[in-house]
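A.B. asks: What follows is work-v8.cif, mmCIF, C-alpha atoms.
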```cif
data_run
loop_
_atom_site.label_atom_id
_atom_site.label_comp_id
_atom_site.auth_asym_id
_atom_site.auth_seq_id
_atom_site.Cartn_x
_atom_site.Cartn_y
_atom_site.Cartn_z
CA MET V 4 284.05 68.36 118.86
CA THR V 5 283.42 71.99 119.70
CA ALA V 6 281.83 74.21 117.05
CA PRO V 7 284.00 77.05 115.71
CA GLY V 8 283.55 80.18 117.83
CA THR V 9 282.32 78.18 120.83
CA PRO V 10 284.30 78.89 124.00
CA SER V 11 286.23 75.85 125.18
CA LEU V 12 284.96 74.04 128.25
CA PRO V 13 288.20 74.53 130.24
CA ARG V 14 288.26 78.27 129.50
CA LEU V 15 284.58 78.63 130.38
CA LEU V 16 285.07 76.82 133.69
CA ARG V 17 288.26 78.72 134.59
CA HIS V 18 286.56 82.09 134.06
CA ASN V 19 283.31 81.14 135.78
CA PRO V 20 283.12 83.05 139.08
CA GLY V 21 280.04 81.10 140.22
CA THR V 22 279.46 77.45 140.94
CA VAL V 23 279.67 74.59 138.47
CA THR V 24 276.06 73.79 139.38
CA HIS V 25 274.83 77.24 138.31
CA LEU V 26 276.92 77.25 135.12
CA LEU V 27 275.67 73.82 134.05
CA GLU V 28 272.06 74.71 134.85
CA GLU V 29 272.43 77.77 132.62
CA LEU V 30 274.00 75.70 129.81
CA THR V 31 271.54 72.81 130.00
CA GLY V 32 268.38 74.76 130.78
CA GLU V 33 267.40 72.32 133.52
CA PRO V 34 267.99 71.95 137.25
CA LEU V 35 270.73 69.53 138.24
CA VAL V 36 270.54 66.82 140.86
CA ALA V 37 273.43 65.05 142.55
CA ASN V 38 273.00 61.32 142.37
CA VAL V 39 275.09 60.52 145.44
CA VAL V 40 276.71 57.17 144.70
CA ARG V 41 278.50 57.02 148.06
CA GLN V 42 278.97 59.33 151.03
CA TYR V 43 280.77 58.45 154.24
CA SER V 44 282.74 60.07 157.06
CA THR V 45 286.24 59.07 158.05
CA PRO V 46 289.02 60.43 160.28
CA ALA V 47 291.44 62.67 158.36
CA GLU V 48 295.02 61.62 157.83
CA ALA V 49 297.83 64.16 158.03
CA PRO V 50 298.97 65.90 155.96
CA ASN V 51 295.89 66.53 153.80
CA THR V 52 294.55 68.92 151.19
CA LEU V 53 292.04 70.41 153.60
CA GLY V 54 294.57 71.32 156.28
CA VAL V 55 292.76 69.55 159.11
CA GLU V 56 294.55 67.76 161.90
CA ALA V 57 294.71 63.98 161.88
CA GLY V 58 291.65 62.31 163.33
CA ARG V 59 289.25 65.16 162.54
CA THR V 60 286.11 64.06 160.65
CA VAL V 61 286.15 64.48 156.88
CA THR V 62 283.22 63.44 154.69
CA HIS V 63 283.88 61.84 151.32
CA ARG V 64 281.20 62.13 148.65
CA ILE V 65 281.00 60.54 145.20
CA ALA V 66 278.22 61.87 143.00
CA VAL V 67 277.09 62.21 139.42
CA LEU V 68 275.57 65.57 138.50
CA LYS V 69 272.76 64.92 136.07
CA GLY V 70 269.85 66.74 134.56
CA GLY V 71 266.87 66.71 136.87
CA VAL V 72 264.49 66.36 133.91
CA THR V 73 266.47 64.45 131.28
CA MET V 74 268.61 62.42 133.72
CA VAL V 75 271.58 63.01 131.37
CA PRO V 76 274.87 62.70 133.31
CA TYR V 77 277.11 65.77 133.03
CA VAL V 78 279.80 65.45 135.71
CA TYR V 79 281.27 62.70 137.88
CA ALA V 80 282.62 64.28 141.07
CA GLU V 81 284.57 63.10 144.07
CA SER V 82 284.84 65.44 146.99
CA ALA V 83 286.02 65.58 150.55
CA PHE V 84 284.78 68.20 152.96
CA VAL V 85 285.11 69.23 156.58
CA PRO V 86 281.57 69.18 158.02
CA ALA V 87 282.66 71.14 161.11
CA ARG V 88 283.54 74.10 158.85
CA LEU V 89 279.98 74.34 157.49
CA PRO V 90 276.87 75.76 159.11
CA GLU V 91 274.69 72.98 160.52
CA ALA V 92 271.88 73.61 158.00
CA ALA V 93 274.30 73.34 155.03
CA ARG V 94 275.83 70.15 156.40
CA LEU V 95 272.39 68.59 156.85
CA GLN V 96 271.34 69.61 153.33
CA LEU V 97 274.43 67.85 151.93
CA GLU V 98 273.67 64.75 153.99
CA GLN V 99 269.93 64.53 153.37
CA THR V 100 269.20 65.84 149.87
CA SER V 101 270.20 65.35 146.24
CA ASP V 102 271.24 69.00 145.99
CA PRO V 103 274.63 69.60 144.38
CA ILE V 104 277.31 71.31 146.48
CA GLY V 105 276.97 74.54 144.48
CA ARG V 106 273.26 74.80 145.23
CA VAL V 107 273.90 74.21 148.93
CA LEU V 108 276.55 76.96 149.01
CA ALA V 109 274.20 79.40 147.26
CA ALA V 110 271.21 78.51 149.44
CA HIS V 111 273.16 79.36 152.57
CA GLY V 112 274.90 82.44 151.18
CA LEU V 113 278.34 80.86 151.62
CA ALA V 114 280.81 82.99 149.68
CA HIS V 115 283.70 80.86 148.54
CA VAL V 116 287.00 81.09 146.70
CA ARG V 117 288.10 78.39 144.24
CA GLU V 118 291.77 77.44 144.37
CA GLU V 119 293.01 75.24 141.53
CA SER V 120 294.85 72.19 142.84
CA SER V 121 297.22 69.59 141.48
CA GLU V 122 297.69 67.59 144.69
CA SER V 123 296.81 63.91 144.75
CA GLY V 124 293.83 62.53 146.64
CA PRO V 125 290.23 63.70 146.48
CA GLY V 126 290.61 66.92 144.57
CA ALA V 127 293.16 65.82 141.96
CA PRO V 128 292.38 64.57 138.46
CA ARG V 129 293.56 61.08 137.71
CA ALA V 130 292.72 58.42 135.23
CA LEU V 131 289.47 56.76 136.17
CA ASP V 132 289.08 53.03 136.19
CA GLY V 133 285.53 52.77 134.93
CA THR V 134 283.83 53.90 138.10
CA ALA V 135 282.70 57.15 136.47
CA ALA V 136 281.28 55.42 133.42
CA VAL V 137 279.47 52.88 135.57
CA ALA V 138 278.16 55.61 137.89
CA ALA V 139 277.09 57.74 134.94
CA GLY V 140 275.36 54.80 133.36
CA ALA V 141 273.50 54.01 136.56
CA ALA V 142 272.65 57.65 137.16
CA GLY V 143 271.57 58.33 133.64
CA ALA V 144 269.97 55.06 132.61
CA ALA V 145 266.47 56.53 132.66
CA GLY V 146 267.47 59.37 130.35
CA ALA V 147 270.03 57.57 128.25
CA ALA V 148 268.02 57.89 125.03
CA GLY V 149 269.39 61.00 123.37
CA ALA V 150 272.47 61.02 125.54
CA ALA V 151 274.64 58.97 123.23
CA GLY V 152 278.26 59.45 124.17
CA ALA V 153 277.38 61.35 127.34
CA ALA V 154 279.64 59.17 129.48
CA ALA V 155 282.83 59.88 127.49
CA ILE V 156 285.08 62.02 129.69
CA VAL V 157 286.33 65.12 127.90
CA TRP V 158 288.02 67.09 130.68
CA SER V 159 288.83 66.94 134.38
CA ARG V 160 289.98 69.33 137.05
CA ALA V 161 290.65 69.57 140.77
CA TYR V 162 290.28 72.46 143.18
CA ARG V 163 289.63 73.47 146.76
CA LEU V 164 286.85 75.73 147.94
CA THR V 165 287.67 77.97 150.87
CA ILE V 166 285.03 79.65 153.00
CA ASP V 167 286.00 82.38 155.45
CA GLY V 168 289.67 81.68 154.67
CA LEU V 169 289.50 77.98 155.54
CA PRO V 170 289.60 75.11 153.04
CA VAL V 171 286.26 73.32 153.30
CA PHE V 172 285.96 71.25 150.10
CA ALA V 173 288.51 69.40 147.94
CA ILE V 174 286.76 68.54 144.69
CA CYS V 175 287.73 66.58 141.61
CA GLU V 176 285.42 66.68 138.60
CA TRP V 177 285.33 64.69 135.38
CA PHE V 178 283.17 66.30 132.69
CA PHE V 179 281.28 64.09 130.26
CA ARG V 180 280.83 64.82 126.56
CA SER V 181 277.24 65.83 127.33
CA VAL V 182 278.59 69.11 128.77
CA GLU V 183 280.24 69.93 125.43
CA HIS V 184 276.95 69.12 123.69
CA ALA V 185 275.11 71.49 126.04
CA LEU V 186 277.71 74.18 125.43
CA GLU V 187 277.29 73.86 121.67
CA ARG V 188 273.48 74.01 121.95
CA SER V 189 273.62 77.10 124.16
CA MET V 190 275.59 79.18 121.65
CA PRO V 191 273.65 81.46 119.27
CA VAL V 192 273.68 80.29 115.68
#
```
Before we go any further, please render this structure as structure tokens.
C.D. replies:
Amino acid sequence: MTAPGTPSLPRLLRHNPGTVTHLLEELTGEPLVANVVRQYSTPAEAPNTLGVEAGRTVTHRIAVLKGGVTMVPYVYAESAFVPARLPEAARLQLEQTSDPIGRVLAAHGLAHVREESSESGPGAPRALDGTAAVAAGAAGAAGAAGAAGAAAIVWSRAYRLTIDGLPVFAICEWFFRSVEHALERSMPV
């Protein structure tokens, strides 16, 4: 439950001009890491949310954003991106590190525009089968003490990120109750 006077999570996210990574790091007071559960490349099918021709390589990534100190899970995310539309250094950082997408974009000065989406596929909210809870549990097991209820999903959204006018990422995020807890703690009393 959100404390009276606390901005709602959906409103806060909708009006956030920066990345989810930066916003959550501000709310939680700790750096985030992306526990990449699975990442693989596959040929795109047409039509698709990213507007790439059939057969072009698209990378799918499933990750849990968690506190780098507490290991508390905050977001389960599924994304698809077009590696050819990213600078080589950014693509390698996504492949080889636990940095969240938002940190990679910022590190490489990649200005982006968020476009809300309701299309199906990676980038559209849907009911989760338990994958998110299992992934959150695995990602946050070390920091589970004090994170009671963190894996309960309280909100989800889907969007595309465009860079230089081209869609590069299709992202779907499911926010755990731990984000609401962080939001409540961050508000002045």
A.B. asks: Report, in Å with one decimal, the straight-line distance from atom CA of V:Ala173 to atom CA of V:Glu81.
C.D. replies: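 Atom CA of V:Glu81 lies at a distance of 8.4 Å from atom CA of V:Ala173.
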A.B. asks: Name the residues captured by the PyMOL selection byres ((chain V and resi 85) around 7) when it is applied to the shown file; answer as JSON, numbers by chain.
C.D. replies: {"V": [60, 61, 62, 84, 86, 87, 88, 171, 172]}
A.B. asks: Output C-alpha atoms for every residue in that selection, as a tab-separated table (two decimals), in the frame of the given file.
C.D. replies:
```tsv
chain	number	residue	atom	x	y	z
V	60	THR	CA	286.11	64.06	160.65
V	61	VAL	CA	286.15	64.48	156.88
V	62	THR	CA	283.22	63.44	154.69
V	84	PHE	CA	284.78	68.20	152.96
V	86	PRO	CA	281.57	69.18	158.02
V	87	ALA	CA	282.66	71.14	161.11
V	88	ARG	CA	283.54	74.10	158.85
V	171	VAL	CA	286.26	73.32	153.30
V	172	PHE	CA	285.96	71.25	150.10
```
A.B. asks: Ranking V:Ile166, V:Ile104, V:Ala93, V:Leu16 by minimum distance to V:Phe178 and counting all atoms listed in the file, which one comes first?
C.D. replies: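 Residue with the minimum atom-to-atom distance to V:Phe178: V:Leu16.
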A.B. asks: What does the PyMOL selection byres ((chain V and resi 189) around 9) select in this file, as a PyMOL selection string?
C.D. replies: chain V and resi 29-32+184-188+190-191
A.B. asks: Within 10 Å of V:Tyr43, counting only C-alpha atoms, which residues show up once you throw out same-chain ones fewer than 5 positions away? Write them as JSON, numbers by chain, please.
C.D. replies: {"V": [61, 62, 63, 64, 65, 83, 98]}
A.B. asks: Atom CA of V:Val157 and atom CA of V:Gln42 are how many Å apart?
C.D. replies: 25.0 Å
A.B. asks: Could you name the residues that touch V:Ile156 at 7 Å or less, counting all atoms listed in the file, but leaving out those on the same chain fewer than 5 positions away, as a list in words?
C.D. replies: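 Near neighbours after the sequence-gap exclusion: Trp177, Phe178, Phe179 and Arg180 of chain V.
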A.B. asks: Which of these, V:Ala161, V:Val36, V:Leu53, V:Val75, has the shortest distance to V:Arg117 once you count all atoms listed in the file?
C.D. replies: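 Residue with the minimum atom-to-atom distance to V:Arg117: V:Ala161.
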A.B. asks: To one decimal place, how far is atom CA of V:Val107 from atom CA of V:Ser82 in Å?
C.D. replies: 14.2 Å
A.B. asks: Go through the shown structure with the PyMOL selection byres ((chain V and resi 70) around 7) and write out the matching residues as a list of chain:residue names.
C.D. replies: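 When the PyMOL selection byres ((chain V and resi 70) around 7) is applied to the shown file, the picked residues are V:Glu33, V:Pro34, V:Leu35, V:Val36, V:Lys69, V:Gly71, V:Val72, V:Thr73, V:Met74, V:Val75, V:Pro76.
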A.B. asks: Which of these, V:Asp102, V:Glu119, V:Glu56, V:Glu91, has the shortest distance to V:Arg17 once you count only C-alpha atoms?
C.D. replies: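 That would be V:Glu119, the residue with the smallest distance to V:Arg17.
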A.B. asks: So which one's closest to V:Ala114, V:Leu164, V:Leu97, V:Val67, V:Cys175? Using only C-alpha atoms, please.
C.D. replies: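 Between V:Leu164, V:Leu97, V:Val67, V:Cys175, the residue approaching V:Ala114 most closely is V:Leu164.
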A.B. asks: Using all atoms listed in the file, which of the listed residues (V:Ala80, V:Ala37, V:Ser120, V:Arg59) sits closest to V:Gln96?
C.D. replies: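 Using all atoms listed in the file, V:Gln96 sits closest to V:Ala37.
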A.B. asks: Considering only C-alpha atoms, state which residue in the set V:Asn19, V:Thr52, V:Thr100, V:Ser181 is at the smallest distance from V:Leu169.
C.D. replies: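 Going through V:Asn19, V:Thr52, V:Thr100, V:Ser181 one by one, the smallest distance to V:Leu169 is for V:Thr52.
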A.B. asks: Calculate, to one decimal in Å, the centre and edge lengths of the box along x, y and z of the file that holds all listed atoms of stretch 8-24 of chain V with 4 Å of margin on each side, and present them as JSON.
C.D. replies:
```
{"center_x": 282.2, "center_y": 78.4, "center_z": 129.4, "size_x": 20.2, "size_y": 17.3, "size_z": 31.1}
```
